[in-house]
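Colleague: I have a structure here, written as structure tokens, and I will follow up with some questions on it.
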Amino acid sequence: MKLDKDLVREILLALEASDHNPLGWVTLKIPERSPKEIAYHVMLLDEAGLIVGQDLCSMGPDGFDWAPRRLTYSGHEFLDTVRDGEVWRRVKAGAEQAGAASITLLMGLGKAYAKQMIKERLGVDLG
């Protein structure tokens, strides 16, 4: 299964918007996304340290299931950098231009483009 950049952002936004107990699991229902796609991306986001996920594979009907619990501090930071639609558009375009779409690359591009947007909008250079 391929990494879907938009689904990564959608999962992070959905977790942030959730008012669940952070010790419990969150059931994500994202339009036009299968439970298997969501579970796969939850697993990847857990591996990347952006969320705390739970391996529920022994409980899933097809043997593969992951559920998110909460965003990590790094997850909040990344989401804050790509929340702005223009920054997200630039991150995706940059990843496509580079021919790569790893979560680590998305995080790096997010920080770089967020700094660039701050400089453009506020005239402040964060280096």
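In the structure tokens, chains take letters A, B, ... by order of appearance, with residues numbered from 1 within each chain and ligands from 1 in the order shown.
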Would you return as a PyMOL selection string the members of chain A that DSSP assigns to strand (DSSP E) on this structure's backbone?
Modeller: chain A and resi 51-55+66-71
Colleague: Keeping only all heavy atoms, write the selected residues as a CSV table (one decimal), in the first residue's frame.
Modeller:
```csv
chain,number,residue,atom,x,y,z
A,51,ILE,N,1.8,9.9,16.3
A,51,ILE,CA,0.6,9.6,17.1
A,51,ILE,C,1.0,8.4,18.0
A,51,ILE,O,2.0,7.7,17.7
A,51,ILE,CB,-0.6,9.2,16.2
A,51,ILE,CG1,-0.4,7.9,15.5
A,51,ILE,CG2,-1.0,10.3,15.2
A,51,ILE,CD1,-1.6,7.3,14.8
A,52,VAL,N,0.1,8.2,18.9
A,52,VAL,CA,0.2,6.9,19.7
A,52,VAL,C,-0.9,6.1,19.2
A,52,VAL,O,-2.1,6.4,19.2
A,52,VAL,CB,0.0,7.2,21.2
A,52,VAL,CG1,0.0,5.9,22.0
A,52,VAL,CG2,1.1,8.1,21.8
A,53,GLY,N,-0.5,4.9,18.6
A,53,GLY,CA,-1.4,4.0,18.0
A,53,GLY,C,-1.4,2.7,18.8
A,53,GLY,O,-0.5,2.4,19.6
A,54,GLN,N,-2.4,1.9,18.5
A,54,GLN,CA,-2.5,0.6,19.2
A,54,GLN,C,-2.7,-0.5,18.1
A,54,GLN,O,-3.6,-0.4,17.3
A,54,GLN,CB,-3.7,0.6,20.1
A,54,GLN,CG,-3.9,-0.7,20.9
A,54,GLN,CD,-2.9,-0.9,21.9
A,54,GLN,OE1,-2.5,0.0,22.7
A,54,GLN,NE2,-2.4,-2.1,22.0
A,55,ASP,N,-1.9,-1.5,18.2
A,55,ASP,CA,-2.0,-2.7,17.3
A,55,ASP,C,-3.1,-3.5,17.8
A,55,ASP,O,-3.0,-4.1,18.9
A,55,ASP,CB,-0.6,-3.4,17.3
A,55,ASP,CG,-0.6,-4.7,16.5
A,55,ASP,OD1,-1.7,-5.1,15.9
A,55,ASP,OD2,0.5,-5.3,16.3
A,66,TRP,N,-5.3,-1.3,13.2
A,66,TRP,CA,-4.6,-0.3,14.1
A,66,TRP,C,-5.6,0.8,14.4
A,66,TRP,O,-6.3,1.2,13.6
A,66,TRP,CB,-3.4,0.2,13.4
A,66,TRP,CG,-2.1,-0.6,13.5
A,66,TRP,CD1,-1.9,-1.7,12.8
A,66,TRP,CD2,-1.0,-0.4,14.4
A,66,TRP,NE1,-0.7,-2.2,13.2
A,66,TRP,CE2,-0.1,-1.4,14.2
A,66,TRP,CE3,-0.7,0.6,15.4
A,66,TRP,CZ2,1.1,-1.5,14.9
A,66,TRP,CZ3,0.5,0.5,16.0
A,66,TRP,CH2,1.4,-0.5,15.8
A,67,ALA,N,-5.5,1.2,15.7
A,67,ALA,CA,-6.4,2.3,16.1
A,67,ALA,C,-5.6,3.4,16.8
A,67,ALA,O,-4.6,3.1,17.5
A,67,ALA,CB,-7.5,1.8,17.1
A,68,PRO,N,-5.9,4.7,16.5
A,68,PRO,CA,-5.1,5.7,17.1
A,68,PRO,C,-5.7,6.0,18.5
A,68,PRO,O,-6.8,5.8,18.8
A,68,PRO,CB,-5.4,6.9,16.2
A,68,PRO,CG,-6.7,6.6,15.6
A,68,PRO,CD,-6.8,5.1,15.5
A,69,ARG,N,-4.8,6.5,19.4
A,69,ARG,CA,-5.2,7.0,20.7
A,69,ARG,C,-5.1,8.5,20.8
A,69,ARG,O,-6.1,9.1,21.3
A,69,ARG,CB,-4.3,6.4,21.8
A,69,ARG,CG,-4.5,4.9,22.0
A,69,ARG,CD,-3.6,4.4,23.1
A,69,ARG,NE,-3.8,3.0,23.3
A,69,ARG,CZ,-4.6,2.4,24.2
A,69,ARG,NH1,-5.5,3.2,24.8
A,69,ARG,NH2,-4.7,1.1,24.3
A,70,ARG,N,-4.0,9.1,20.4
A,70,ARG,CA,-3.8,10.5,20.5
A,70,ARG,C,-2.6,11.0,19.6
A,70,ARG,O,-1.8,10.2,19.2
A,70,ARG,CB,-3.6,10.9,21.9
A,70,ARG,CG,-2.3,10.3,22.5
A,70,ARG,CD,-2.0,10.8,23.9
A,70,ARG,NE,-0.8,10.2,24.4
A,70,ARG,CZ,0.5,10.6,24.2
A,70,ARG,NH1,0.6,11.7,23.4
A,70,ARG,NH2,1.5,10.0,24.7
A,71,LEU,N,-2.6,12.3,19.4
A,71,LEU,CA,-1.4,12.9,18.8
A,71,LEU,C,-0.3,12.9,19.9
A,71,LEU,O,-0.5,13.1,21.1
A,71,LEU,CB,-1.7,14.3,18.4
A,71,LEU,CG,-2.7,14.5,17.2
A,71,LEU,CD1,-3.0,16.0,17.1
A,71,LEU,CD2,-2.1,14.0,16.0
```
Colleague: What gap, in Å, lies between atom CA of A:Ala39 and atom CA of A:Arg90?
Modeller: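 So the two atoms, atom CA of A:Ala39 and atom CA of A:Arg90, lie 26.3 Å apart.
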Colleague: With distances taken over only C-alpha atoms, which of A:Ile118, A:Ala98, A:Ile103, A:Val42 is nearest to A:Trp25?
Modeller: A:Val42
Colleague: Quick one: everything within 8 Å of stretch 10-14 of chain A, counting only C-alpha atoms, minus sequence neighbours fewer than 6 positions away in the same chain. Send it as a count of residues only.
Modeller: 7
Colleague: When you draw a straight line from atom CA of A:Thr81 to atom CA of A:Asp65, how long is it in Å?
Modeller: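 It comes out at 28.4 Å.
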Colleague: Looking at A:Leu7, A:Ala95, A:Leu23, A:Leu15, which one is nearest to A:His41, with distances taken over only C-alpha atoms?
Modeller: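 Checking each of A:Leu7, A:Ala95, A:Leu23, A:Leu15 against A:His41, counting only C-alpha atoms, the winner is A:Leu7.
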Colleague: Which one of A:Phe78, A:Gly85, A:Tyr40, A:Gly123 sits closest to A:Leu109 if you count only C-alpha atoms?
Modeller: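 That would be A:Phe78, the residue with the smallest distance to A:Leu109.
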Colleague: Could you check how far atom CA of A:Lys36 sits from atom CA of A:Met1, in Å to one decimal?
Modeller: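 Value for the atom CA of A:Lys36-atom CA of A:Met1 distance: 9.8 Å.
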